[in-house]
>>> print(open('target_17.cif').read())   # mmCIF, C-alpha atoms
data_start
#
loop_
_atom_site.label_atom_id
_atom_site.label_comp_id
_atom_site.auth_asym_id
_atom_site.auth_seq_id
_atom_site.Cartn_x
_atom_site.Cartn_y
_atom_site.Cartn_z
CA MET A 161 -157.93 36.05 -18.49
CA SER A 162 -156.32 38.98 -20.23
CA THR A 163 -152.64 39.32 -20.89
CA GLN A 164 -150.94 42.65 -20.78
CA ILE A 165 -148.72 43.46 -23.72
CA PRO A 166 -145.64 45.24 -22.45
CA GLU A 167 -145.38 48.77 -23.69
CA LYS A 168 -142.67 49.15 -26.29
CA LYS A 169 -139.97 51.57 -25.22
CA LYS A 170 -139.71 54.70 -27.25
CA SER A 171 -136.58 55.22 -29.22
CA GLY A 172 -134.91 57.89 -31.22
CA GLY A 173 -132.53 60.80 -30.83
CA ILE A 174 -130.44 60.98 -27.69
CA ARG A 175 -132.05 57.85 -26.24
CA ASP A 176 -130.79 55.74 -29.13
CA LEU A 177 -127.43 57.49 -29.25
CA GLY A 178 -127.01 56.63 -25.59
CA LYS A 179 -126.98 52.95 -26.60
CA MET A 180 -123.83 53.48 -28.65
CA PHE A 181 -121.58 52.21 -25.88
CA GLY A 182 -124.16 50.15 -24.02
CA GLY A 183 -126.17 51.50 -21.13
CA GLY A 184 -126.29 51.83 -17.40
CA GLN A 185 -124.88 54.16 -14.81
CA SER A 186 -121.22 53.20 -15.27
CA THR A 187 -121.44 53.44 -19.04
CA GLY A 188 -123.14 56.82 -18.77
CA ARG A 189 -120.26 58.18 -16.72
CA GLN A 190 -117.73 56.80 -19.21
CA PHE A 191 -119.63 58.38 -22.09
CA GLY A 192 -119.61 61.69 -20.23
CA ILE A 193 -115.90 61.57 -19.39
CA LEU A 194 -115.11 60.55 -22.99
CA GLY A 195 -116.92 63.67 -24.15
CA ALA A 196 -114.96 65.68 -21.59
CA LEU A 197 -111.71 64.23 -22.95
CA VAL A 198 -112.63 65.30 -26.47
CA VAL A 199 -113.49 68.81 -25.25
CA ILE A 200 -110.20 69.07 -23.34
CA ILE A 201 -108.21 67.99 -26.40
CA ILE A 202 -109.97 70.53 -28.63
CA PHE A 203 -109.55 73.22 -25.96
CA PHE A 204 -105.77 72.73 -25.70
CA GLU A 205 -105.42 72.26 -29.46
CA ILE A 206 -106.84 75.77 -29.92
CA LEU A 207 -104.92 77.41 -27.06
CA THR A 208 -101.57 75.85 -28.03
CA GLY A 209 -101.92 76.72 -31.71
CA GLY A 210 -102.16 73.11 -32.86
CA LYS A 211 -99.28 71.70 -30.78
CA THR A 212 -101.43 69.23 -28.83
CA LEU A 213 -102.14 66.98 -31.82
CA GLU A 214 -98.71 67.24 -33.36
CA PRO A 215 -97.18 63.75 -33.93
CA VAL A 216 -94.15 64.45 -31.74
CA ASN A 217 -96.35 65.58 -28.84
CA LEU A 218 -98.73 62.61 -29.15
CA ILE A 219 -95.85 60.13 -29.18
CA ASN A 220 -94.38 61.75 -26.07
CA LEU A 221 -97.83 61.75 -24.45
CA VAL A 222 -98.10 57.96 -24.78
CA ASN A 223 -94.51 57.32 -23.70
CA GLN A 224 -94.75 59.60 -20.67
CA ASN A 225 -98.06 58.22 -19.37
CA ALA A 226 -98.00 54.53 -20.29
CA TYR A 227 -96.96 53.55 -16.77
CA VAL A 228 -99.90 55.42 -15.17
CA LEU A 229 -102.39 53.78 -17.54
CA ILE A 230 -100.91 50.33 -16.81
CA LEU A 231 -101.29 51.01 -13.09
CA ALA A 232 -104.89 52.18 -13.65
CA ILE A 233 -105.80 48.78 -15.15
CA GLY A 234 -104.84 47.01 -11.95
CA MET A 235 -106.09 49.76 -9.65
CA VAL A 236 -109.61 49.68 -11.08
CA MET A 237 -109.90 45.98 -10.15
CA VAL A 238 -108.67 46.75 -6.64
CA ILE A 239 -111.17 49.58 -6.24
CA ILE A 240 -114.05 47.57 -7.73
CA ALA A 241 -113.34 44.91 -5.10
CA GLY A 242 -113.63 47.59 -2.41
CA HIS A 243 -109.96 48.17 -1.60
CA ILE A 244 -107.20 50.69 -2.29
CA ASP A 245 -103.47 50.20 -2.99
CA LEU A 246 -101.06 52.91 -1.88
CA SER A 247 -97.90 50.88 -2.49
CA VAL A 248 -97.84 50.69 -6.31
CA GLY A 249 -95.29 53.50 -6.74
CA SER A 250 -92.91 51.93 -4.23
CA VAL A 251 -93.38 48.46 -5.72
CA ALA A 252 -92.58 49.83 -9.18
CA ALA A 253 -89.45 51.55 -7.84
CA LEU A 254 -88.27 48.42 -6.01
CA VAL A 255 -88.73 46.20 -9.05
CA GLY A 256 -87.00 48.77 -11.23
CA ILE A 257 -83.89 48.84 -9.04
CA VAL A 258 -83.82 45.02 -8.72
CA VAL A 259 -84.02 44.57 -12.49
CA ALA A 260 -81.38 47.24 -13.14
CA LYS A 261 -79.00 45.66 -10.58
CA ALA A 262 -79.60 42.21 -12.04
CA MET A 263 -78.63 43.35 -15.54
CA ASN A 264 -75.64 45.44 -14.42
CA ASP A 265 -74.15 43.44 -11.53
CA TRP A 266 -75.23 39.89 -12.35
CA ASN A 267 -75.16 40.15 -16.16
CA VAL A 268 -78.70 38.79 -16.44
CA PRO A 269 -79.99 39.06 -20.06
CA TRP A 270 -82.72 41.68 -20.34
CA PRO A 271 -85.52 39.23 -21.34
CA LEU A 272 -84.80 37.18 -18.21
CA ALA A 273 -84.60 40.40 -16.19
CA ILE A 274 -88.16 41.25 -17.27
CA ILE A 275 -89.34 37.84 -16.07
CA LEU A 276 -87.44 38.37 -12.81
CA GLY A 277 -89.19 41.70 -12.33
CA LEU A 278 -92.63 40.14 -12.86
CA VAL A 279 -91.80 37.36 -10.39
CA VAL A 280 -90.68 39.90 -7.78
CA GLY A 281 -93.92 41.79 -8.33
CA ALA A 282 -95.94 38.60 -7.92
CA LEU A 283 -94.15 37.76 -4.64
CA ILE A 284 -94.79 41.24 -3.29
CA GLY A 285 -98.43 41.00 -4.34
CA ALA A 286 -98.78 37.59 -2.70
CA TRP A 287 -97.33 39.03 0.51
CA GLN A 288 -99.79 41.92 0.57
CA GLY A 289 -102.69 39.78 -0.64
CA TRP A 290 -102.12 37.33 2.21
CA TRP A 291 -102.39 40.07 4.81
CA VAL A 292 -105.54 41.46 3.21
CA ALA A 293 -107.36 38.24 2.34
CA TYR A 294 -106.33 35.75 5.01
CA VAL A 295 -105.30 37.86 8.00
CA GLY A 296 -108.02 40.47 7.48
CA VAL A 297 -105.91 43.62 7.74
CA PRO A 298 -107.52 46.43 5.69
CA ALA A 299 -105.81 46.97 2.35
CA PHE A 300 -105.30 50.65 3.16
CA ILE A 301 -103.08 49.73 6.14
CA VAL A 302 -101.29 46.87 4.37
CA THR A 303 -100.38 48.95 1.34
CA LEU A 304 -99.50 52.00 3.43
CA ALA A 305 -97.00 49.79 5.25
CA GLY A 306 -95.89 48.40 1.89
CA MET A 307 -95.33 51.90 0.55
CA LEU A 308 -92.84 52.53 3.37
CA ILE A 309 -91.21 49.08 3.29
CA PHE A 310 -90.64 48.85 -0.45
CA ARG A 311 -89.50 52.47 -0.75
CA GLY A 312 -86.94 51.73 1.95
CA LEU A 313 -85.81 48.58 0.15
CA ASN A 314 -85.42 50.57 -3.05
CA GLN A 315 -83.10 52.99 -1.24
CA LEU A 316 -81.23 50.14 0.49
CA ILE A 317 -80.64 48.00 -2.61
CA GLY A 318 -79.73 50.89 -4.86
CA SER A 319 -77.78 52.82 -2.19
CA ALA A 320 -79.80 55.89 -3.33
CA GLN A 321 -77.89 55.84 -6.63
CA THR A 322 -78.95 55.92 -10.28
CA ILE A 323 -78.28 52.65 -12.12
CA PRO A 324 -78.33 52.54 -15.95
CA VAL A 325 -79.93 49.75 -17.99
CA PRO A 326 -78.71 48.20 -21.28
CA ASP A 327 -79.97 49.29 -24.69
CA GLY A 328 -82.00 46.13 -25.38
CA PHE A 329 -84.09 46.65 -22.26
CA THR A 330 -84.95 50.25 -23.21
CA TYR A 331 -86.99 49.00 -26.18
CA ILE A 332 -90.05 48.21 -24.01
CA GLY A 333 -90.23 51.79 -22.77
CA GLY A 334 -88.65 53.87 -25.50
CA GLY A 335 -88.94 51.75 -28.64
CA PHE A 336 -91.21 52.22 -31.64
CA LEU A 337 -92.85 50.05 -34.27
CA PRO A 338 -90.33 49.36 -37.06
CA ASP A 339 -90.74 50.71 -40.56
CA TRP A 340 -90.78 48.56 -43.68
CA GLY A 341 -91.92 48.62 -47.29
CA PRO A 342 -92.01 51.62 -49.64
CA ASP A 343 -91.20 55.09 -48.33
CA ILE A 344 -94.52 56.97 -48.39
CA GLY A 345 -93.64 59.51 -45.72
CA TYR A 346 -95.42 57.55 -42.99
CA ASN A 347 -94.53 54.57 -40.81
CA ASN A 348 -96.10 51.56 -42.52
CA SER A 349 -96.34 49.47 -39.34
CA THR A 350 -98.38 52.15 -37.61
CA LEU A 351 -100.69 52.58 -40.60
CA LEU A 352 -101.21 48.81 -40.77
CA LEU A 353 -101.96 48.70 -37.05
CA GLY A 354 -104.57 51.43 -37.46
CA LEU A 355 -106.20 49.57 -40.38
CA ILE A 356 -106.35 46.33 -38.39
CA ILE A 357 -107.94 48.06 -35.39
CA ALA A 358 -110.52 49.76 -37.67
CA LEU A 359 -111.47 46.41 -39.25
CA VAL A 360 -111.71 44.74 -35.82
CA ILE A 361 -114.05 47.51 -34.60
CA ALA A 362 -116.36 46.99 -37.58
CA TYR A 363 -116.26 43.18 -37.27
CA THR A 364 -116.93 43.29 -33.53
CA GLU A 365 -120.02 45.48 -34.01
CA ILE A 366 -121.39 43.23 -36.77
CA ARG A 367 -120.81 40.14 -34.66
CA ARG A 368 -122.47 41.71 -31.63
CA ARG A 369 -125.59 42.62 -33.59
CA ARG A 370 -125.80 39.07 -34.97
CA THR A 371 -125.49 37.62 -31.46
CA GLN A 372 -128.20 39.97 -30.16
CA THR A 373 -130.49 38.95 -33.02
CA LYS A 374 -130.00 35.23 -32.32
CA MET A 375 -130.68 35.69 -28.62
CA GLY A 376 -133.68 37.95 -29.26
CA SER A 377 -132.27 40.65 -27.00
CA GLU A 378 -132.82 44.37 -27.45
CA LYS A 379 -130.28 46.08 -29.66
CA ALA A 380 -129.58 49.61 -30.76
CA PRO A 381 -130.99 50.78 -34.12
CA LEU A 382 -128.83 50.06 -37.16
CA TRP A 383 -128.03 53.74 -37.66
CA VAL A 384 -126.52 53.91 -34.18
CA SER A 385 -124.20 50.98 -34.91
CA VAL A 386 -123.18 52.49 -38.25
CA PHE A 387 -122.57 55.87 -36.63
CA LYS A 388 -120.51 54.23 -33.88
CA VAL A 389 -118.31 52.31 -36.33
CA VAL A 390 -117.81 55.32 -38.60
CA VAL A 391 -116.84 57.62 -35.72
CA LEU A 392 -114.50 55.14 -34.02
CA ASP A 393 -112.84 54.07 -37.28
CA ALA A 394 -112.37 57.71 -38.30
CA VAL A 395 -110.68 58.46 -34.98
CA VAL A 396 -108.46 55.36 -35.25
CA ILE A 397 -107.37 56.08 -38.83
CA TYR A 398 -106.73 59.76 -38.04
CA ALA A 399 -104.66 58.81 -34.98
CA ALA A 400 -102.73 56.24 -37.03
CA PHE A 401 -101.74 58.90 -39.54
CA LEU A 402 -100.71 61.27 -36.74
CA PHE A 403 -98.51 58.67 -35.03
CA ALA A 404 -97.12 57.45 -38.36
CA GLY A 405 -96.20 60.97 -39.45
CA GLY A 406 -93.71 61.75 -36.70
CA ARG A 407 -90.04 62.44 -37.22
CA ILE A 408 -87.94 59.73 -38.85
CA GLY A 409 -87.21 56.84 -36.49
CA THR A 410 -90.36 57.28 -34.43
CA SER A 411 -93.84 55.82 -34.75
CA PHE A 412 -96.38 54.33 -32.36
CA PRO A 413 -94.53 53.50 -29.09
CA VAL A 414 -93.97 49.91 -27.98
CA SER A 415 -95.22 50.92 -24.53
CA GLY A 416 -98.53 51.79 -26.20
CA ILE A 417 -98.67 48.29 -27.72
CA ILE A 418 -98.09 46.75 -24.28
CA LEU A 419 -100.83 48.95 -22.85
CA GLY A 420 -103.26 48.03 -25.65
CA VAL A 421 -102.72 44.29 -25.13
CA LEU A 422 -103.32 44.67 -21.40
CA VAL A 423 -106.53 46.65 -21.99
CA ILE A 424 -107.89 43.91 -24.27
CA ILE A 425 -107.01 41.09 -21.86
CA TYR A 426 -108.28 42.75 -18.69
CA SER A 427 -111.42 44.10 -20.34
CA PHE A 428 -112.27 40.55 -21.38
CA VAL A 429 -111.50 39.16 -17.92
CA THR A 430 -113.61 41.72 -16.06
CA ARG A 431 -116.56 41.69 -18.48
CA ASN A 432 -116.74 38.14 -19.85
CA THR A 433 -115.55 35.75 -17.16
CA ILE A 434 -117.04 34.39 -13.97
CA PHE A 435 -113.99 35.57 -12.08
CA GLY A 436 -114.52 39.11 -13.29
CA ARG A 437 -118.16 39.09 -12.20
CA HIS A 438 -117.07 37.83 -8.80
CA ILE A 439 -114.83 40.88 -8.38
CA TYR A 440 -117.85 43.13 -8.96
CA ALA A 441 -119.93 41.02 -6.59
CA VAL A 442 -117.38 41.29 -3.77
CA GLY A 443 -117.17 45.06 -4.16
CA GLY A 444 -120.90 45.51 -4.52
CA ASN A 445 -121.97 43.51 -1.47
CA TRP A 446 -119.56 41.02 0.03
CA HIS A 447 -122.24 39.57 2.34
CA ALA A 448 -124.40 38.60 -0.63
CA ALA A 449 -121.37 37.41 -2.58
CA GLU A 450 -120.30 35.16 0.28
CA LEU A 451 -123.79 33.66 0.57
CA SER A 452 -123.74 33.06 -3.19
CA GLY A 453 -120.63 30.93 -2.92
CA VAL A 454 -118.02 33.46 -4.06
CA LYS A 455 -114.56 32.69 -2.67
CA ILE A 456 -113.97 36.14 -1.20
CA LYS A 457 -110.49 35.40 0.08
CA ARG A 458 -109.31 34.22 -3.31
CA ILE A 459 -110.74 37.28 -5.02
CA ASN A 460 -109.10 39.67 -2.58
CA PHE A 461 -105.81 37.79 -2.79
CA PHE A 462 -105.78 37.86 -6.58
CA VAL A 463 -106.65 41.53 -7.06
CA MET A 464 -103.87 42.57 -4.68
CA MET A 465 -101.30 40.26 -6.26
CA ASN A 466 -102.34 41.27 -9.77
CA MET A 467 -101.93 44.94 -8.85
CA SER A 468 -98.33 44.39 -7.78
CA VAL A 469 -97.52 42.47 -10.97
CA LEU A 470 -98.82 45.35 -13.08
CA ALA A 471 -96.93 47.80 -10.85
CA ALA A 472 -93.77 45.80 -11.55
CA LEU A 473 -94.44 46.02 -15.29
CA ALA A 474 -95.15 49.75 -15.07
CA GLY A 475 -91.91 50.25 -13.16
CA MET A 476 -89.89 48.40 -15.80
CA VAL A 477 -91.52 50.37 -18.64
CA SER A 478 -90.67 53.63 -16.88
CA VAL A 479 -87.08 52.58 -16.19
CA ALA A 480 -86.69 51.49 -19.82
CA ARG A 481 -87.89 54.88 -21.02
CA SER A 482 -85.63 56.87 -18.68
CA ILE A 483 -82.66 54.50 -19.38
CA SER A 484 -81.93 54.16 -15.67
CA SER A 485 -83.43 53.35 -12.28
CA GLY A 486 -83.15 55.89 -9.50
CA PRO A 487 -84.31 56.62 -5.93
CA GLN A 488 -87.03 59.03 -7.08
CA ASP A 489 -88.84 56.49 -9.29
CA GLY A 490 -92.49 55.88 -8.51
CA LEU A 491 -93.10 58.94 -6.34
CA GLY A 492 -96.80 59.88 -6.47
CA TRP A 493 -97.69 57.21 -9.01
CA GLU A 494 -100.35 55.71 -6.77
CA LEU A 495 -102.17 59.05 -6.62
CA ASP A 496 -102.26 59.39 -10.41
CA ALA A 497 -103.53 55.82 -10.81
CA ILE A 498 -106.25 56.26 -8.19
CA ALA A 499 -107.30 59.58 -9.71
CA ALA A 500 -107.51 57.99 -13.18
CA VAL A 501 -109.83 55.26 -11.87
CA PHE A 502 -112.20 57.64 -10.09
CA ILE A 503 -112.26 60.15 -12.93
CA GLY A 504 -113.03 57.23 -15.24
CA GLY A 505 -116.29 56.45 -13.45
CA ALA A 506 -115.43 53.97 -10.68
CA ALA A 507 -117.53 54.20 -7.52
CA VAL A 508 -115.86 55.07 -4.24
CA SER A 509 -117.88 52.36 -2.47
CA GLY A 510 -116.75 49.65 -4.90
CA GLY A 511 -118.70 47.41 -7.27
CA ILE A 512 -118.69 49.85 -10.21
CA GLY A 513 -115.98 50.67 -12.74
CA THR A 514 -114.41 49.45 -15.97
CA VAL A 515 -110.97 49.10 -17.49
CA ALA A 516 -111.94 51.29 -20.45
CA GLY A 517 -113.27 54.01 -18.15
CA SER A 518 -110.03 54.05 -16.17
CA ILE A 519 -107.98 54.40 -19.35
CA ILE A 520 -110.15 57.36 -20.39
CA GLY A 521 -109.71 58.88 -16.92
CA GLY A 522 -105.95 58.41 -17.19
CA LEU A 523 -105.94 60.09 -20.60
CA VAL A 524 -107.83 63.05 -19.14
CA ILE A 525 -105.05 63.51 -16.57
CA ALA A 526 -102.37 62.99 -19.22
CA VAL A 527 -103.86 65.55 -21.63
CA LEU A 528 -104.36 68.03 -18.77
CA ASN A 529 -100.72 67.68 -17.70
CA ASN A 530 -99.46 67.91 -21.26
CA GLY A 531 -101.66 70.83 -22.30
CA LEU A 532 -100.87 72.88 -19.22
CA GLN A 533 -97.15 72.27 -19.71
CA LEU A 534 -97.40 73.40 -23.33
CA LEU A 535 -99.06 76.58 -22.09
CA GLY A 536 -96.25 77.16 -19.60
CA VAL A 537 -98.40 76.70 -16.48
CA THR A 538 -96.25 76.14 -13.38
CA ILE A 539 -96.30 72.80 -11.57
CA ASP A 540 -98.07 74.20 -8.49
CA LYS A 541 -101.05 75.34 -10.54
CA VAL A 542 -101.09 72.02 -12.42
CA GLN A 543 -101.47 70.18 -9.10
CA ILE A 544 -104.32 72.46 -8.05
CA ILE A 545 -106.19 71.89 -11.32
CA LYS A 546 -105.73 68.09 -11.14
CA GLY A 547 -107.03 68.08 -7.58
CA LEU A 548 -110.12 70.05 -8.56
CA VAL A 549 -110.81 67.70 -11.48
CA LEU A 550 -110.64 64.66 -9.17
CA LEU A 551 -112.88 66.32 -6.59
CA VAL A 552 -115.50 67.23 -9.19
CA ALA A 553 -115.44 63.73 -10.72
CA VAL A 554 -116.06 62.00 -7.38
CA GLY A 555 -118.61 64.66 -6.42
CA ILE A 556 -120.59 63.89 -9.56
CA ASP A 557 -120.52 60.19 -8.63
CA VAL A 558 -121.89 60.88 -5.15
CA TYR A 559 -124.53 63.32 -6.43
CA SER A 560 -125.64 60.84 -9.11
CA LYS A 561 -126.30 58.17 -6.49
CA ARG A 562 -128.18 60.52 -4.18
CA SER A 563 -130.39 61.73 -7.01
CA GLY A 564 -131.47 58.25 -8.08
CA GLY A 565 -128.44 56.88 -9.88
CA ARG A 566 -129.42 58.13 -13.34
CA SER A 567 -126.69 58.67 -15.87
CA LEU A 568 -126.07 61.98 -17.60
CA ILE A 569 -127.42 60.66 -20.89
CA SER A 570 -130.64 59.36 -19.33
CA ARG A 571 -131.48 62.88 -18.15
CA PHE A 572 -131.97 63.91 -21.79
CA GLY A 573 -134.33 60.99 -22.44
CA ARG A 574 -137.76 60.15 -21.12
CA LYS A 575 -138.58 60.75 -17.47
CA GLU A 576 -138.24 57.46 -15.64
CA LYS A 577 -140.51 56.28 -12.91
CA PRO A 578 -138.84 55.98 -9.52
CA SER A 579 -138.87 52.19 -9.76
CA ASP A 580 -137.19 52.30 -13.16
CA ALA A 581 -134.48 54.67 -12.02
CA ALA A 582 -133.68 52.53 -9.02
CA GLY A 583 -133.17 49.35 -10.99
CA ALA A 584 -131.99 50.25 -14.45
CA ASP A 585 -128.47 51.37 -13.68
CA GLN A 586 -127.54 49.24 -10.70
CA PRO A 587 -124.60 46.82 -10.77
CA LEU A 588 -125.05 43.07 -10.58
CA VAL A 589 -124.99 43.20 -6.77
CA VAL A 590 -126.33 46.32 -5.05
CA PRO A 591 -123.65 48.08 -2.99
CA SER A 592 -124.20 47.92 0.73
CA ALA A 593 -123.69 50.65 3.28
CA ASP A 594 -120.79 48.75 4.82
CA SER A 595 -117.27 50.05 4.67
CA ALA A 596 -115.39 49.23 1.51
CA GLU A 597 -112.73 47.52 3.59
CA ASP A 598 -115.24 45.14 5.23
CA SER A 599 -114.80 42.73 2.34
CA SER A 600 -111.32 41.92 3.57
CA ARG A 601 -112.49 41.03 7.06
CA SER A 602 -114.65 38.03 6.31
CA LEU A 603 -112.61 35.28 7.96
CA THR A 604 -115.28 32.60 7.88
CA SER A 605 -115.54 32.09 4.12
#
>>> encode(input="target_17.cif", output="structure tokens")
Amino acid sequence: MSTQIPEKKKSGGIRDLGKMFGGGQSTGRQFGILGALVVIIIFFEILTGGKTLEPVNLINLVNQNAYVLILAIGMVMVIIAGHIDLSVGSVAALVGIVVAKAMNDWNVPWPLAIILGLVVGALIGAWQGWWVAYVGVPAFIVTLAGMLIFRGLNQLIGSAQTIPVPDGFTYIGGGFLPDWGPDIGYNNSTLLLGLIIALVIAYTEIRRRRTQTKMGSEKAPLWVSVFKVVVLDAVVIYAAFLFAGGRIGTSFPVSGIILGVLVIIYSFVTRNTIFGRHIYAVGGNWHAAELSGVKIKRINFFVMMNMSVLAALAGMVSVARSISSGPQDGLGWELDAIAAVFIGGAAVSGGIGTVAGSIIGGLVIAVLNNGLQLLGVTIDKVQIIKGLVLLVAVGIDVYSKRSGGRSLISRFGRKEKPSDAAGADQPLVVPSADSAEDSSRSLTS
């Protein structure tokens, strides 16, 4: 009896560089959109004469788009599970007006008002999640109804008026990291934050390589890991100096800290927990997930409720930044959040997508908006460009699947056999041809 020795995969060049951020179809899209983000930043930096990467502009960029990126974190989980949420803008507006009224009319302290806002968001999410998970109404219909209901409640409670919020509350949307220590011309808190993030990146890569060695799993060459750490740390340190070098009294925004914490938590939940894998399973093929013992109703209920909680937080951050809550809050937010998720590599059919990819997609939209405004482009043309970007991003996703599901990076590597291409980049559960909303209609689980 003869045993076949498996052929060792070739490595080197682009193939090894493609392992920098992992592998697979979803990772390939994220790598591509990350490259697109870098190109867009450089493009606008040149056209605007260096204004794009000025500290003041970067600080405003984070403050102005934090709410969209917070929404994108929840929206990607909804879309991975095979749903859509059109009510997030209205939910954010409703929570904003409730919190503002509570602080102004009922003299509720702002920390308790934040808790109140999160509770209201959870109740709204439970209401919508119940209709989706346990009644079986498609999420599109439930959230479309919610968009109308909660927008009407916002107008009713606020009497279509603008309501100011106290100074303490504004810190979560318009505050900055405090300065301390010797005056070196930069904000010391921001520099320290950048140093900590750089050290964490290096430690995480070292720990991952040690874990891969212990488990005997395939790992990227050492030079790839070193290159990855050097590039990421250089970007982090450079960004820290930019944010720390703004005008006196400003630094890295508190809203950016809130966003960063959420990204870490939700990335861990979706990638490293059983619950997170169940979300992917439901979106990939709910029939198979149900047969595997996944509690589909609970998953659908949670992702809808979680989305409303994050919408409530996004609404409060926006109100805090604008120092008031008004009837126009939240208009069109759901479209920006959905666009960020799809541009970031999520699949229209569900089952594919990541938190990190959605943040990158949201940054693409943010930089586009900001750069075009700096160039004096009118709002009508900005909308046209954003629409084209979304259409191209989803078109690439559809084309990639029809052509065998290979990522952009893999096209520069070796030619795969058909069997390899079909299996290498697939999610944990293969997406079915069923409608994305079918996962909400399983009433027997």
>>> resolve_selection(input="target_17.cif", expression="the PyMOL selection byres ((chain A and resi 484-493) around 10)", output="PDB file with C-alpha atoms, in the frame of the given file")
ATOM      1  CA  TYR A 227     -96.960  53.550 -16.770  1.00  0.00           C
ATOM      2  CA  VAL A 228     -99.900  55.420 -15.170  1.00  0.00           C
ATOM      3  CA  LEU A 231    -101.290  51.010 -13.090  1.00  0.00           C
ATOM      4  CA  ALA A 232    -104.890  52.180 -13.650  1.00  0.00           C
ATOM      5  CA  LEU A 246    -101.060  52.910  -1.880  1.00  0.00           C
ATOM      6  CA  SER A 247     -97.900  50.880  -2.490  1.00  0.00           C
ATOM      7  CA  VAL A 248     -97.840  50.690  -6.310  1.00  0.00           C
ATOM      8  CA  GLY A 249     -95.290  53.500  -6.740  1.00  0.00           C
ATOM      9  CA  SER A 250     -92.910  51.930  -4.230  1.00  0.00           C
ATOM     10  CA  VAL A 251     -93.380  48.460  -5.720  1.00  0.00           C
ATOM     11  CA  ALA A 252     -92.580  49.830  -9.180  1.00  0.00           C
ATOM     12  CA  ALA A 253     -89.450  51.550  -7.840  1.00  0.00           C
ATOM     13  CA  LEU A 254     -88.270  48.420  -6.010  1.00  0.00           C
ATOM     14  CA  VAL A 255     -88.730  46.200  -9.050  1.00  0.00           C
ATOM     15  CA  GLY A 256     -87.000  48.770 -11.230  1.00  0.00           C
ATOM     16  CA  ILE A 257     -83.890  48.840  -9.040  1.00  0.00           C
ATOM     17  CA  VAL A 258     -83.820  45.020  -8.720  1.00  0.00           C
ATOM     18  CA  VAL A 259     -84.020  44.570 -12.490  1.00  0.00           C
ATOM     19  CA  ALA A 260     -81.380  47.240 -13.140  1.00  0.00           C
ATOM     20  CA  LYS A 261     -79.000  45.660 -10.580  1.00  0.00           C
ATOM     21  CA  ARG A 311     -89.500  52.470  -0.750  1.00  0.00           C
ATOM     22  CA  GLY A 312     -86.940  51.730   1.950  1.00  0.00           C
ATOM     23  CA  ASN A 314     -85.420  50.570  -3.050  1.00  0.00           C
ATOM     24  CA  GLN A 315     -83.100  52.990  -1.240  1.00  0.00           C
ATOM     25  CA  LEU A 316     -81.230  50.140   0.490  1.00  0.00           C
ATOM     26  CA  ILE A 317     -80.640  48.000  -2.610  1.00  0.00           C
ATOM     27  CA  GLY A 318     -79.730  50.890  -4.860  1.00  0.00           C
ATOM     28  CA  SER A 319     -77.780  52.820  -2.190  1.00  0.00           C
ATOM     29  CA  ALA A 320     -79.800  55.890  -3.330  1.00  0.00           C
ATOM     30  CA  GLN A 321     -77.890  55.840  -6.630  1.00  0.00           C
ATOM     31  CA  THR A 322     -78.950  55.920 -10.280  1.00  0.00           C
ATOM     32  CA  ILE A 323     -78.280  52.650 -12.120  1.00  0.00           C
ATOM     33  CA  PRO A 324     -78.330  52.540 -15.950  1.00  0.00           C
ATOM     34  CA  VAL A 325     -79.930  49.750 -17.990  1.00  0.00           C
ATOM     35  CA  PRO A 326     -78.710  48.200 -21.280  1.00  0.00           C
ATOM     36  CA  THR A 330     -84.950  50.250 -23.210  1.00  0.00           C
ATOM     37  CA  ALA A 471     -96.930  47.800 -10.850  1.00  0.00           C
ATOM     38  CA  ALA A 474     -95.150  49.750 -15.070  1.00  0.00           C
ATOM     39  CA  GLY A 475     -91.910  50.250 -13.160  1.00  0.00           C
ATOM     40  CA  MET A 476     -89.890  48.400 -15.800  1.00  0.00           C
ATOM     41  CA  SER A 478     -90.670  53.630 -16.880  1.00  0.00           C
ATOM     42  CA  VAL A 479     -87.080  52.580 -16.190  1.00  0.00           C
ATOM     43  CA  ALA A 480     -86.690  51.490 -19.820  1.00  0.00           C
ATOM     44  CA  ARG A 481     -87.890  54.880 -21.020  1.00  0.00           C
ATOM     45  CA  SER A 482     -85.630  56.870 -18.680  1.00  0.00           C
ATOM     46  CA  ILE A 483     -82.660  54.500 -19.380  1.00  0.00           C
ATOM     47  CA  GLU A 494    -100.350  55.710  -6.770  1.00  0.00           C
ATOM     48  CA  LEU A 495    -102.170  59.050  -6.620  1.00  0.00           C
ATOM     49  CA  ASP A 496    -102.260  59.390 -10.410  1.00  0.00           C
ATOM     50  CA  ALA A 497    -103.530  55.820 -10.810  1.00  0.00           C
ATOM     51  CA  ILE A 498    -106.250  56.260  -8.190  1.00  0.00           C
ATOM     52  CA  ALA A 499    -107.300  59.580  -9.710  1.00  0.00           C
TER      53      ALA A 499
END
>>> atom_distance(input="target_17.cif", atom1="CA of Lys211 (chain A)", atom2="CA of Asn223 (chain A)")
16.7 Å
>>> closest_residue(input="target_17.cif", among="A:Ser518, A:Gln543, A:Gln533, A:Ser468", to="Leu278 (chain A)", atoms="all atoms listed in the file")
A:Ser468
>>> resolve_selection(input="target_17.cif", expression="the PyMOL selection byres ((chain A and resi 455) around 12)", output="PyMOL selection string")
chain A and resi 293-294+434-435+438-439+441-442+446-454+456-462+599-600+602-605
>>> closest_residue(input="target_17.cif", among="A:Thr410, A:Thr514, A:Asn225, A:Ser385", to="Tyr440 (chain A)", atoms="only C-alpha atoms")
A:Thr514
>>> closest_residue(input="target_17.cif", among="A:Gln288, A:Asn217, A:Ala262, A:Glu205", to="Met464 (chain A)", atoms="all atoms listed in the file")
A:Gln288
